[in-house]
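Asks: Structure below; questions to follow.
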Amino acid sequence: MKILASDFDNTLFFRTGFKKKDLEAIKAFQKAGHKFGVCTGRSYNGIVTPSKDYDIHYDFYIVVSGGIIKDGDGKTLYEKDFPYAIVEDCFNQFEETVSFVSGNTTYLYYSPRHQMKAIVKEMYHAMKKGNENVVLLDSLHEVTPKIPSFSMHLGHKEQEKAHQVANYINETYKDDVTAFVNDVHIDVCANGCSKGNALKWIQNYYHVDDDQVCGIGDNFNDLPLLHSATHSFTFDYAPAPVQAEAEHVVASLSEAVKLLL
């Protein structure tokens, strides 16, 4: 039995939704007796909501960058959190737009400095339309003592700054959290959590040999996933450093599944 962990955004799910050939390939993969799941910075609800109108089933969920792991029924198998005060400290340092999950609720707070209010409101209304439990905050006050993850969202084309912010977080809060760059976004989870460590957890959960562990992703935050997978895939549109770390460079998820089958 193989396990395949897939990133979500721009790997499995796109602005136009899911690709028909990818969904067909996933079903064939599972029909052959293998396990398919997501490995993403998104929350659990952020996966379930856009997937509910499609014929797709996940055998496992690695969400909030490995801070939470769930089985195919949504039962939490693993979770690790950290002090919420770190969110406020990071915002006070950088004043970047923030989103985070607490329980089944997603909280959004925009940075007036970036004039991103319209973008965040668009995210908010899209999530509400999908019946997600989401709250648009008026201020970044303490909502909960601990959380499993948060994200900072920078301005357009600020990829270099995203790496600088992530480095600062990793140096300043190294005892509590780890930050990963995803284009102009920074995903932060509890120290010791990552997409790669979560994939190893799933491997042990299913008692799968190393040579049957597979992963696919498209950006820098997927590098831990690609490094933990014996058979790793990325795309011809991924950043060059990410392509250099993958075993295979493909045009689509369905092409990767075809190679695995």
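Ordering of the structure tokens sets the chain letters (A, B, ...); residue numbers start at 1 within each chain; ligands are numbered from 1 in the order shown.
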What parts of segment 10-245 of chain A does DSSP call strand (DSSP E or B)? I'd like the answer as an NGL selection string.
Replies: :A and (13-14 or 17-18 or 35-39 or 60-63 or 68-71 or 76-79 or 82-83 or 97-102 or 105-109 or 134-136 or 146-147 or 149-153 or 177-182 or 185-190 or 213-216 or 231-235)
Asks: Produce a table with one row for each residue of segment 47-97 of chain A that has an atom at most 8 Å from any atom of segment 187-190 of chain A, each row naming the nearest atom pair and its distance in Å at one decimal; use only C-alpha atoms; arrange rows by chain and rising residue number; format as a Markdown table.
Replies:
| residue | atom | partner | partner_atom | distance |
| --- | --- | --- | --- | --- |
| A:Val64 | CA | A:Cys189 | CA | 6.9 |
| A:Ser65 | CA | A:Cys189 | CA | 6.4 |
| A:Gly66 | CA | A:Cys189 | CA | 7.3 |
| A:Gly67 | CA | A:Cys189 | CA | 5.8 |
| A:Lys80 | CA | A:Ala190 | CA | 6.3 |
| A:Asp81 | CA | A:Ala190 | CA | 5.6 |
| A:Phe82 | CA | A:Ala190 | CA | 5.8 |
Asks: Neighbouring residues of Cys90 of chain A were defined as those with any atom within 12 Å, considering only C-alpha atoms; residues of the same chain fewer than 6 positions away were excluded. Please report them as an MDAnalysis selection string.
Replies: chainID A and resid 84 96:98 140 150:153 165:166 168:170 172:173 177 179 186 188
Asks: Would you mind exporting the chosen residues as an mmCIF file, in the first residue's frame, restricted to N, CA and C atoms?
Replies:
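Written output follows (part.cif):
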data_model
loop_
_atom_site.group_PDB
_atom_site.id
_atom_site.type_symbol
_atom_site.label_atom_id
_atom_site.label_comp_id
_atom_site.auth_asym_id
_atom_site.auth_seq_id
_atom_site.Cartn_x
_atom_site.Cartn_y
_atom_site.Cartn_z
ATOM 1 N N TYR A 84 -1.111 32.041 22.005
ATOM 2 C CA TYR A 84 -1.684 33.006 21.068
ATOM 3 C C TYR A 84 -0.939 34.338 21.102
ATOM 4 N N GLU A 96 1.294 42.921 9.470
ATOM 5 C CA GLU A 96 0.801 42.222 8.285
ATOM 6 C C GLU A 96 -0.544 41.573 8.596
ATOM 7 N N THR A 97 -1.349 41.380 7.566
ATOM 8 C CA THR A 97 -2.652 40.748 7.733
ATOM 9 C C THR A 97 -2.488 39.336 8.309
ATOM 10 N N VAL A 98 -3.368 38.977 9.232
ATOM 11 C CA VAL A 98 -3.249 37.726 9.978
ATOM 12 C C VAL A 98 -4.531 36.899 9.858
ATOM 13 N N LEU A 140 -6.995 42.909 16.884
ATOM 14 C CA LEU A 140 -6.304 41.655 17.142
ATOM 15 C C LEU A 140 -6.122 41.473 18.647
ATOM 16 N N PHE A 150 -1.077 29.905 12.746
ATOM 17 C CA PHE A 150 -1.566 31.162 12.202
ATOM 18 C C PHE A 150 -0.786 31.480 10.932
ATOM 19 N N SER A 151 -1.318 32.389 10.135
ATOM 20 C CA SER A 151 -0.670 32.788 8.884
ATOM 21 C C SER A 151 -0.582 34.301 8.812
ATOM 22 N N MET A 152 0.484 34.787 8.171
ATOM 23 C CA MET A 152 0.624 36.205 7.876
ATOM 24 C C MET A 152 0.605 36.360 6.368
ATOM 25 N N HIS A 153 -0.136 37.344 5.885
ATOM 26 C CA HIS A 153 -0.358 37.528 4.459
ATOM 27 C C HIS A 153 0.218 38.871 4.028
ATOM 28 N N VAL A 165 10.552 37.771 7.003
ATOM 29 C CA VAL A 165 9.637 37.664 8.144
ATOM 30 C C VAL A 165 9.705 36.257 8.736
ATOM 31 N N ALA A 166 9.706 35.243 7.870
ATOM 32 C CA ALA A 166 9.774 33.859 8.346
ATOM 33 C C ALA A 166 11.072 33.614 9.113
ATOM 34 N N TYR A 168 12.810 35.810 10.756
ATOM 35 C CA TYR A 168 12.702 36.509 12.037
ATOM 36 C C TYR A 168 11.888 35.673 13.031
ATOM 37 N N ILE A 169 10.753 35.150 12.563
ATOM 38 C CA ILE A 169 9.899 34.345 13.440
ATOM 39 C C ILE A 169 10.648 33.109 13.920
ATOM 40 N N ASN A 170 11.368 32.461 12.998
ATOM 41 C CA ASN A 170 12.085 31.240 13.360
ATOM 42 C C ASN A 170 13.221 31.501 14.347
ATOM 43 N N THR A 172 13.318 34.278 16.490
ATOM 44 C CA THR A 172 12.801 34.909 17.706
ATOM 45 C C THR A 172 11.977 33.945 18.555
ATOM 46 N N TYR A 173 11.198 33.090 17.908
ATOM 47 C CA TYR A 173 10.270 32.214 18.639
ATOM 48 C C TYR A 173 10.600 30.739 18.416
ATOM 49 N N VAL A 177 7.578 27.970 17.914
ATOM 50 C CA VAL A 177 6.944 27.815 16.603
ATOM 51 C C VAL A 177 7.975 27.664 15.487
ATOM 52 N N ALA A 179 8.111 28.687 11.182
ATOM 53 C CA ALA A 179 7.434 29.403 10.097
ATOM 54 C C ALA A 179 7.885 28.859 8.749
ATOM 55 N N ILE A 186 3.084 33.467 5.068
ATOM 56 C CA ILE A 186 3.896 32.724 6.024
ATOM 57 C C ILE A 186 2.966 31.902 6.892
ATOM 58 N N VAL A 188 2.610 29.466 10.119
ATOM 59 C CA VAL A 188 3.329 29.239 11.369
ATOM 60 C C VAL A 188 2.611 28.163 12.182
#
Asks: Would you mind telling me which residue in A:Ala244, A:Leu259, A:Ile62, A:Leu253 lies nearest to Leu12 of chain A when using only C-alpha atoms?
Replies: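 Looking only at the distances to Leu12 of chain A, the closest residue turns out to be A:Leu253.
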Asks: List the neighbours of segment 51-55 of chain A out to 10 Å using only C-alpha atoms; skip same-chain residues closer than 4 positions along the sequence, and give me the result as a tab-separated table (two decimals) with C-alpha atoms, in the first residue's frame.
Replies:
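Listing of result-v2.tsv after writing:
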chain	number	residue	atom	x	y	z
A	13	PHE	CA	-7.33	22.83	-5.94
A	17	GLY	CA	-11.79	24.27	-8.73
A	18	PHE	CA	-10.57	20.69	-9.08
A	20	LYS	CA	-11.47	16.29	-13.60
A	23	LEU	CA	-10.14	13.46	-9.41
A	24	GLU	CA	-10.30	10.44	-11.71
A	27	LYS	CA	-10.16	7.46	-7.36
A	45	ASN	CA	-12.92	23.33	7.30
A	46	GLY	CA	-10.88	25.03	4.57
A	47	ILE	CA	-10.58	21.65	2.88
A	130	GLY	CA	-19.34	27.94	1.97
Asks: Find the residue from A:Ser139, A:Thr144, A:Ser149, A:Ser252 that sits nearest to Ser43 of chain A; use only C-alpha atoms when measuring.
Replies: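 The answer is A:Ser149, which sits nearest to Ser43 of chain A.
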Asks: Could you name the residues that touch Ile3 of chain A at 9 Å or less, counting only C-alpha atoms, but leaving out those on the same chain fewer than 3 positions away, as a PyMOL selection string?
Replies: chain A and resi 34-37+202-203+206+208+212-215
Asks: The selected residues should be written to file as a compact mmCIF listing (two decimals), in the first residue's frame (atoms: C-alpha atoms).
Replies:
# COMPACT_ATOMS: atom_id res chain seq x y z
CA HIS A 34 -3.66 3.04 -1.73
CA LYS A 35 -4.34 5.98 0.61
CA PHE A 36 -4.68 9.60 -0.51
CA GLY A 37 -4.82 12.66 1.71
CA ILE A 202 0.79 9.14 8.85
CA GLN A 203 3.35 6.63 7.60
CA TYR A 206 -0.68 3.10 8.37
CA VAL A 208 3.82 1.80 5.52
CA GLN A 212 5.77 3.53 -0.36
CA VAL A 213 5.62 7.11 0.99
CA CYS A 214 4.83 9.76 -1.63
CA GLY A 215 4.25 13.51 -1.57
